[in-house]
Each structure stands twice: as C-alpha cells, then as structure tokens.
Amino acid sequence: MKINEVEQIVGITKKNIRFYEAEGLLNPQRNSENGYRDYGDSDVEALRRIKLLRKLGVPIEEIRRLQSGRLTVEDAMRRHQVAIDRDTENLSKARAVCGLLAENGTTMEDLNAEAVLTRMEQMEQEGTTFMNKQKDDVRRRYVAPIVCAVLMTVLMIGLIWLMVWAFQEDPAGAPPMPLLVLLVGIPAVVIVGVAIALIQRLREIGKREEDDARRF
C-alpha cells in the first residue's frame with residue numbers, strides 16, 4: 001500500500017512516517033518495478049506500536065531498543081513508570097510554585113523573580129527538575145545530522161586541499177584555469193549544500209518531531 005493509505009489507517013502524518021523511516025524504526029520494502037515504497041501489514045502494525053509508545057512519551061532510542069530486542073516491553077514500561085513518577089513529582093512542585101505566584105496576585109512589574117528563582121534553585125538541589133524534559137528527545141536527534149555535516153565538510157575541504165597541493169607540485173601538468181576552478185568549485189558547492197541541508201534538517205527536527213509527535 002502507499003504512504004497515503006498508511007497515513008489514513010494509522011493516523012500518523014506522512015512527515016512523521018518519513019521521520020521514523022529516517023530513524024530506522026520503519027523499513028518498508030521497495031517496489032521492484034518503480035522503486036516506490038510499498039508498505040505492508042507489518043509496517044502498519046509497526047507504526048501502530050510506535051504511535052502507542054510515542055503517546056506514552058517513550059523516547060525514540062527506547063523504541064529502537066525495543067524493536068531490536070535489547071529491551072523487553074515489561075522492562076521498558078517499568079522504567080518509564082519511574083520516569084513518569086519523577087516527572088509527576090516535578091510537575092507537582094512546579095504547579096505549587098505557579099499556584100503561589102497566582103495567589104499573590106503579583107503584577108509583572110512587581111514580580112520578585114530573584115526570590116522565586118532562589119527558591120527554585122534550592123528545590124533543584126534537592127532533586128526537582130524544572131526544565132522541559134520533552135525536548136531532550138529532540139536534542140538527541142540533532143547529533144546525527146551535525147556529525148554527518150561536519151564529516152562531509154571536512155572531506156570536501158580535504159579534497160580541495162589535495163587538488164590545490166597537487167597542482168602546486170606539478171604546475172606543468174595542471175589543467176586549464178577554468179577547469180581548475182570547476183574542480184575546486186564542486187566540493188565548495190557541496191559544502192554550501194551540506195550547510196543548507198543541515199539548517200533545514202535542524203528546523204524539521206525542531207518543528208516536526210516536537211510538534212507532530214505531541215499530537216499523538
């Protein structure tokens with residue numbers, strides 16, 4: 001079946017389906033005739049499981065370990081229960097701080113942020129976490145594209161340096177200047193393309209994984 005059909009059956013956007021494919025959580029077969037992705041019943045069931053786990057707030061890496069058999073559902077859920085309990089306690093304390101501020105009826109101009117932050121820092125030292133834990137999973141997704149972009153950039157710079165060095169060592173055997181500019185320019189264009197692709201990828205991660213997955 002096509003991706004449009006899978007989207008309707010499972011209730012996951014095409015963007016998210018592509019995202020899970022890029023993360024290696026879904027591996028549909030390719031149609032040998034046209035090269036298009038051909039989704040089967042097993043892919044639909046895999047997406048349903050991913051959707052279930054994402055609705056529960058299970059991180060991508062945990063789902064990957066579950067799929068590979070390195071982690072059982074029982075162990076994963078018990079660990080996630082502990083995480084939820086911890087987050088619930090943190091949210092309860094954050095709610096208490098919000099309630100205190102609301103009861104005081106303080107205006108923005110009169111808000112004594114320093115005193116509240118001092119109290120929150122004390123609570124953090126006691127184990128409370130106020131940061132947005134939901135963004136942790138998104139931050140991890142930044143690592144792979146950044147590493148790939150850096151490696152590709154280093155490779156292209158090395159290629160440019162190698163060509164320039166070779167031409168300097170043997171000026172007589174160097175190609176005409178227009179060809180030389182072209183040969184050096186190709187890796188430079190690749191570097192620019194990688195930078196643009198990296199920026200677009202980071203924007204996609206920030207919007208798609210954080211916003212679309214939350215709607216599950």
# chains A, B, ... in the order shown; residues from 1 in each chain; ligands from 1
>>> residues_around(residues="range 93-100 of chain A", least_positions_apart="4", cutoff="7 Å", atoms="only C-alpha atoms", output="list in words")
Glu89, Asn104 and Phe130 of chain A
>>> residues_around(residues="Leu26 in chain A", least_positions_apart="5", cutoff="12 Å", atoms="only C-alpha atoms", output="list of chain:residue names")
A:Asn16, A:Ile17, A:Arg18, A:Phe19, A:Tyr20, A:Glu21, A:Arg37, A:Asp38, A:Tyr39, A:Gly40, A:Ser42, A:Asp43, A:Val44, A:Glu45, A:Ala46, A:Leu47, A:Arg48, A:Arg49, A:Ile50, A:Ile60, A:Ile63, A:Arg64, A:Gln67, A:Ser68
>>> closest_residue(among="A:Glu109, A:Asp87, A:Glu33, A:Asp170", to="Thr128 in chain A", atoms="only C-alpha atoms")
A:Asp87
>>> residues_around(residues="Leu182 in chain A", least_positions_apart="6", cutoff="12 Å", atoms="only C-alpha atoms", output="list in words")
Ile160, Met163, Pro175, Pro176, Ala188 and Val189 of chain A
>>> closest_residue(among="A:Leu53, A:Asn34, A:Gly127, A:Met152", to="Ala76 in chain A", atoms="only C-alpha atoms")
A:Leu53
>>> residues_around(residues="Val190 in chain A", least_positions_apart="4", cutoff="8 Å", atoms="only C-alpha atoms", output="number ranges by chain")
A: 156, 186, 194
>>> atom_distance(atom1="CA of Ile196 in chain A", atom2="CA of Glu23 in chain A")
20.5 Å
>>> closest_residue(among="A:Asn27, A:Pro59, A:Leu52, A:Asp85", to="Ile12 in chain A", atoms="only C-alpha atoms")
A:Leu52
>>> select_by_dssp(residues="range 6-51 of chain A", states="alpha helix (DSSP H)", output="JSON, numbers by chain")
{"A": [6, 7, 8, 9, 10, 14, 15, 16, 17, 18, 19, 20, 21, 22, 41, 42, 43, 44, 45, 46, 47, 48, 49, 50, 51]}
>>> write_last_selection(atoms="N, CA, C and O atoms", output="CSV table (one decimal), in the first residue's frame")
chain,number,residue,atom,x,y,z
A,6,VAL,N,-1.4,4.4,4.4
A,6,VAL,CA,-0.9,4.2,5.7
A,6,VAL,C,-1.3,5.3,6.6
A,6,VAL,O,-1.6,5.1,7.8
A,7,GLU,N,-1.2,6.5,6.1
A,7,GLU,CA,-1.5,7.7,6.9
A,7,GLU,C,-2.9,7.7,7.4
A,7,GLU,O,-3.2,8.0,8.5
A,8,GLN,N,-3.8,7.3,6.5
A,8,GLN,CA,-5.2,7.2,6.9
A,8,GLN,C,-5.5,6.1,7.9
A,8,GLN,O,-6.3,6.2,8.8
A,9,ILE,N,-4.9,5.0,7.7
A,9,ILE,CA,-5.1,3.8,8.5
A,9,ILE,C,-4.6,4.0,9.9
A,9,ILE,O,-5.3,3.7,10.9
A,10,VAL,N,-3.4,4.5,10.0
A,10,VAL,CA,-2.7,4.6,11.3
A,10,VAL,C,-3.0,5.9,12.0
A,10,VAL,O,-3.0,6.0,13.2
A,14,LYS,N,2.3,11.9,7.1
A,14,LYS,CA,3.4,11.4,6.2
A,14,LYS,C,4.8,11.9,6.6
A,14,LYS,O,5.8,11.2,6.5
A,15,LYS,N,4.8,13.1,7.1
A,15,LYS,CA,6.1,13.6,7.6
A,15,LYS,C,6.6,12.8,8.7
A,15,LYS,O,7.8,12.5,8.8
A,16,ASN,N,5.8,12.4,9.7
A,16,ASN,CA,6.2,11.6,10.8
A,16,ASN,C,6.6,10.2,10.3
A,16,ASN,O,7.6,9.6,10.8
A,17,ILE,N,5.9,9.6,9.3
A,17,ILE,CA,6.2,8.3,8.8
A,17,ILE,C,7.6,8.4,8.2
A,17,ILE,O,8.5,7.5,8.4
A,18,ARG,N,7.9,9.4,7.4
A,18,ARG,CA,9.2,9.6,6.8
A,18,ARG,C,10.3,9.7,7.9
A,18,ARG,O,11.4,9.2,7.8
A,19,PHE,N,9.9,10.5,9.0
A,19,PHE,CA,10.9,10.7,10.1
A,19,PHE,C,11.2,9.3,10.7
A,19,PHE,O,12.4,9.1,11.0
A,20,TYR,N,10.2,8.5,11.0
A,20,TYR,CA,10.5,7.2,11.6
A,20,TYR,C,11.3,6.3,10.7
A,20,TYR,O,12.1,5.5,11.2
A,21,GLU,N,11.1,6.5,9.4
A,21,GLU,CA,11.9,5.7,8.4
A,21,GLU,C,13.4,6.2,8.5
A,21,GLU,O,14.3,5.4,8.5
A,22,ALA,N,13.6,7.5,8.6
A,22,ALA,CA,14.9,8.1,8.7
A,22,ALA,C,15.6,7.6,10.0
A,22,ALA,O,16.8,7.5,10.0
A,41,ASP,N,1.3,-5.0,5.8
A,41,ASP,CA,0.6,-5.0,7.1
A,41,ASP,C,1.6,-4.9,8.3
A,41,ASP,O,1.3,-4.4,9.3
A,42,SER,N,2.8,-5.5,8.1
A,42,SER,CA,3.8,-5.4,9.2
A,42,SER,C,4.2,-4.0,9.5
A,42,SER,O,4.5,-3.6,10.6
A,43,ASP,N,4.3,-3.2,8.4
A,43,ASP,CA,4.7,-1.8,8.6
A,43,ASP,C,3.6,-1.0,9.3
A,43,ASP,O,3.9,-0.2,10.1
A,44,VAL,N,2.4,-1.3,8.9
A,44,VAL,CA,1.2,-0.7,9.6
A,44,VAL,C,1.2,-1.0,11.1
A,44,VAL,O,1.0,-0.1,11.9
A,45,GLU,N,1.5,-2.3,11.4
A,45,GLU,CA,1.5,-2.7,12.8
A,45,GLU,C,2.6,-2.1,13.6
A,45,GLU,O,2.5,-1.7,14.7
A,46,ALA,N,3.8,-2.0,12.9
A,46,ALA,CA,5.0,-1.3,13.5
A,46,ALA,C,4.7,0.1,13.8
A,46,ALA,O,5.0,0.7,14.9
A,47,LEU,N,4.0,0.8,12.9
A,47,LEU,CA,3.6,2.2,13.1
A,47,LEU,C,2.6,2.4,14.3
A,47,LEU,O,2.7,3.3,15.0
A,48,ARG,N,1.7,1.4,14.4
A,48,ARG,CA,0.7,1.5,15.5
A,48,ARG,C,1.5,1.3,16.8
A,48,ARG,O,1.2,2.0,17.8
A,49,ARG,N,2.5,0.4,16.9
A,49,ARG,CA,3.2,0.3,18.1
A,49,ARG,C,4.0,1.5,18.4
A,49,ARG,O,4.1,2.0,19.6
A,50,ILE,N,4.6,2.1,17.4
A,50,ILE,CA,5.4,3.4,17.6
A,50,ILE,C,4.5,4.5,18.1
A,50,ILE,O,4.8,5.2,19.0
A,51,LYS,N,3.3,4.6,17.5
A,51,LYS,CA,2.3,5.6,17.9
A,51,LYS,C,1.9,5.4,19.3
A,51,LYS,O,1.8,6.4,20.1
>>> closest_residue(among="A:Glu204, A:Leu101, A:Met77, A:Ala172", to="Val116 in chain A", atoms="only C-alpha atoms")
A:Leu101
>>> decode(residues="range 2-29 of chain A", atoms="N, CA, C and O atoms", output="short mmCIF file (atom, residue, chain, number, x, y, z; two decimals), in the first residue's frame")
data_model
loop_
_atom_site.label_atom_id
_atom_site.label_comp_id
_atom_site.auth_asym_id
_atom_site.auth_seq_id
_atom_site.Cartn_x
_atom_site.Cartn_y
_atom_site.Cartn_z
N LYS A 2 0.29 2.39 -0.41
CA LYS A 2 1.03 3.64 -0.50
C LYS A 2 1.00 4.38 0.84
O LYS A 2 0.20 4.09 1.71
N ILE A 3 1.87 5.37 0.93
CA ILE A 3 2.01 6.10 2.18
C ILE A 3 0.73 6.84 2.55
O ILE A 3 0.40 6.99 3.73
N ASN A 4 -0.03 7.30 1.54
CA ASN A 4 -1.29 7.98 1.81
C ASN A 4 -2.28 7.06 2.51
O ASN A 4 -3.01 7.49 3.42
N GLU A 5 -2.29 5.80 2.10
CA GLU A 5 -3.19 4.82 2.72
C GLU A 5 -2.76 4.54 4.16
O GLU A 5 -3.60 4.44 5.06
N VAL A 6 -1.45 4.41 4.36
CA VAL A 6 -0.93 4.16 5.71
C VAL A 6 -1.27 5.33 6.62
O VAL A 6 -1.64 5.14 7.78
N GLU A 7 -1.16 6.53 6.09
CA GLU A 7 -1.46 7.73 6.87
C GLU A 7 -2.90 7.69 7.37
O GLU A 7 -3.19 8.02 8.53
N GLN A 8 -3.82 7.29 6.51
CA GLN A 8 -5.23 7.24 6.89
C GLN A 8 -5.52 6.09 7.86
O GLN A 8 -6.31 6.25 8.79
N ILE A 9 -4.87 4.96 7.66
CA ILE A 9 -5.13 3.79 8.50
C ILE A 9 -4.62 4.00 9.92
O ILE A 9 -5.32 3.73 10.90
N VAL A 10 -3.39 4.49 10.04
CA VAL A 10 -2.74 4.60 11.35
C VAL A 10 -3.01 5.95 12.01
O VAL A 10 -3.04 6.04 13.24
N GLY A 11 -3.23 6.99 11.20
CA GLY A 11 -3.42 8.31 11.78
C GLY A 11 -2.13 9.01 12.13
O GLY A 11 -2.06 9.77 13.09
N ILE A 12 -1.08 8.72 11.37
CA ILE A 12 0.21 9.38 11.53
C ILE A 12 0.51 10.14 10.24
O ILE A 12 0.31 9.61 9.15
N THR A 13 0.98 11.37 10.36
CA THR A 13 1.25 12.18 9.19
C THR A 13 2.36 11.57 8.34
O THR A 13 3.23 10.85 8.84
N LYS A 14 2.34 11.89 7.06
CA LYS A 14 3.39 11.40 6.16
C LYS A 14 4.77 11.89 6.60
O LYS A 14 5.76 11.17 6.49
N LYS A 15 4.81 13.10 7.13
CA LYS A 15 6.09 13.63 7.61
C LYS A 15 6.64 12.78 8.74
O LYS A 15 7.83 12.48 8.80
N ASN A 16 5.77 12.38 9.65
CA ASN A 16 6.23 11.56 10.77
C ASN A 16 6.62 10.16 10.31
O ASN A 16 7.57 9.56 10.83
N ILE A 17 5.88 9.63 9.34
CA ILE A 17 6.24 8.32 8.80
C ILE A 17 7.63 8.37 8.20
O ILE A 17 8.47 7.49 8.43
N ARG A 18 7.90 9.42 7.43
CA ARG A 18 9.23 9.60 6.84
C ARG A 18 10.29 9.75 7.94
O ARG A 18 11.41 9.24 7.82
N PHE A 19 9.92 10.47 8.99
CA PHE A 19 10.85 10.67 10.09
C PHE A 19 11.22 9.35 10.74
O PHE A 19 12.39 9.07 11.01
N TYR A 20 10.23 8.50 11.00
CA TYR A 20 10.50 7.21 11.62
C TYR A 20 11.31 6.30 10.69
O TYR A 20 12.11 5.48 11.15
N GLU A 21 11.10 6.45 9.40
CA GLU A 21 11.93 5.71 8.45
C GLU A 21 13.38 6.18 8.53
O GLU A 21 14.31 5.36 8.55
N ALA A 22 13.56 7.50 8.58
CA ALA A 22 14.92 8.05 8.68
C ALA A 22 15.60 7.62 9.96
O ALA A 22 16.82 7.46 10.00
N GLU A 23 14.81 7.42 11.02
CA GLU A 23 15.37 6.98 12.30
C GLU A 23 15.61 5.48 12.36
O GLU A 23 16.14 4.96 13.34
N GLY A 24 15.22 4.77 11.31
CA GLY A 24 15.44 3.33 11.26
C GLY A 24 14.41 2.52 12.01
O GLY A 24 14.59 1.31 12.20
N LEU A 25 13.29 3.14 12.40
CA LEU A 25 12.24 2.42 13.13
C LEU A 25 11.28 1.73 12.18
O LEU A 25 10.49 0.89 12.60
N LEU A 26 11.34 2.10 10.92
CA LEU A 26 10.43 1.54 9.92
C LEU A 26 11.23 1.31 8.64
O LEU A 26 11.95 2.20 8.19
N ASN A 27 11.10 0.12 8.06
CA ASN A 27 11.87 -0.23 6.86
C ASN A 27 10.97 -0.88 5.81
O ASN A 27 11.00 -2.10 5.62
N PRO A 28 10.14 -0.08 5.13
CA PRO A 28 9.25 -0.65 4.10
C PRO A 28 10.04 -1.17 2.90
O PRO A 28 11.14 -0.69 2.60
N GLN A 29 9.46 -2.15 2.22
CA GLN A 29 10.09 -2.71 1.03
C GLN A 29 9.93 -1.74 -0.15
O GLN A 29 9.04 -0.89 -0.16
#
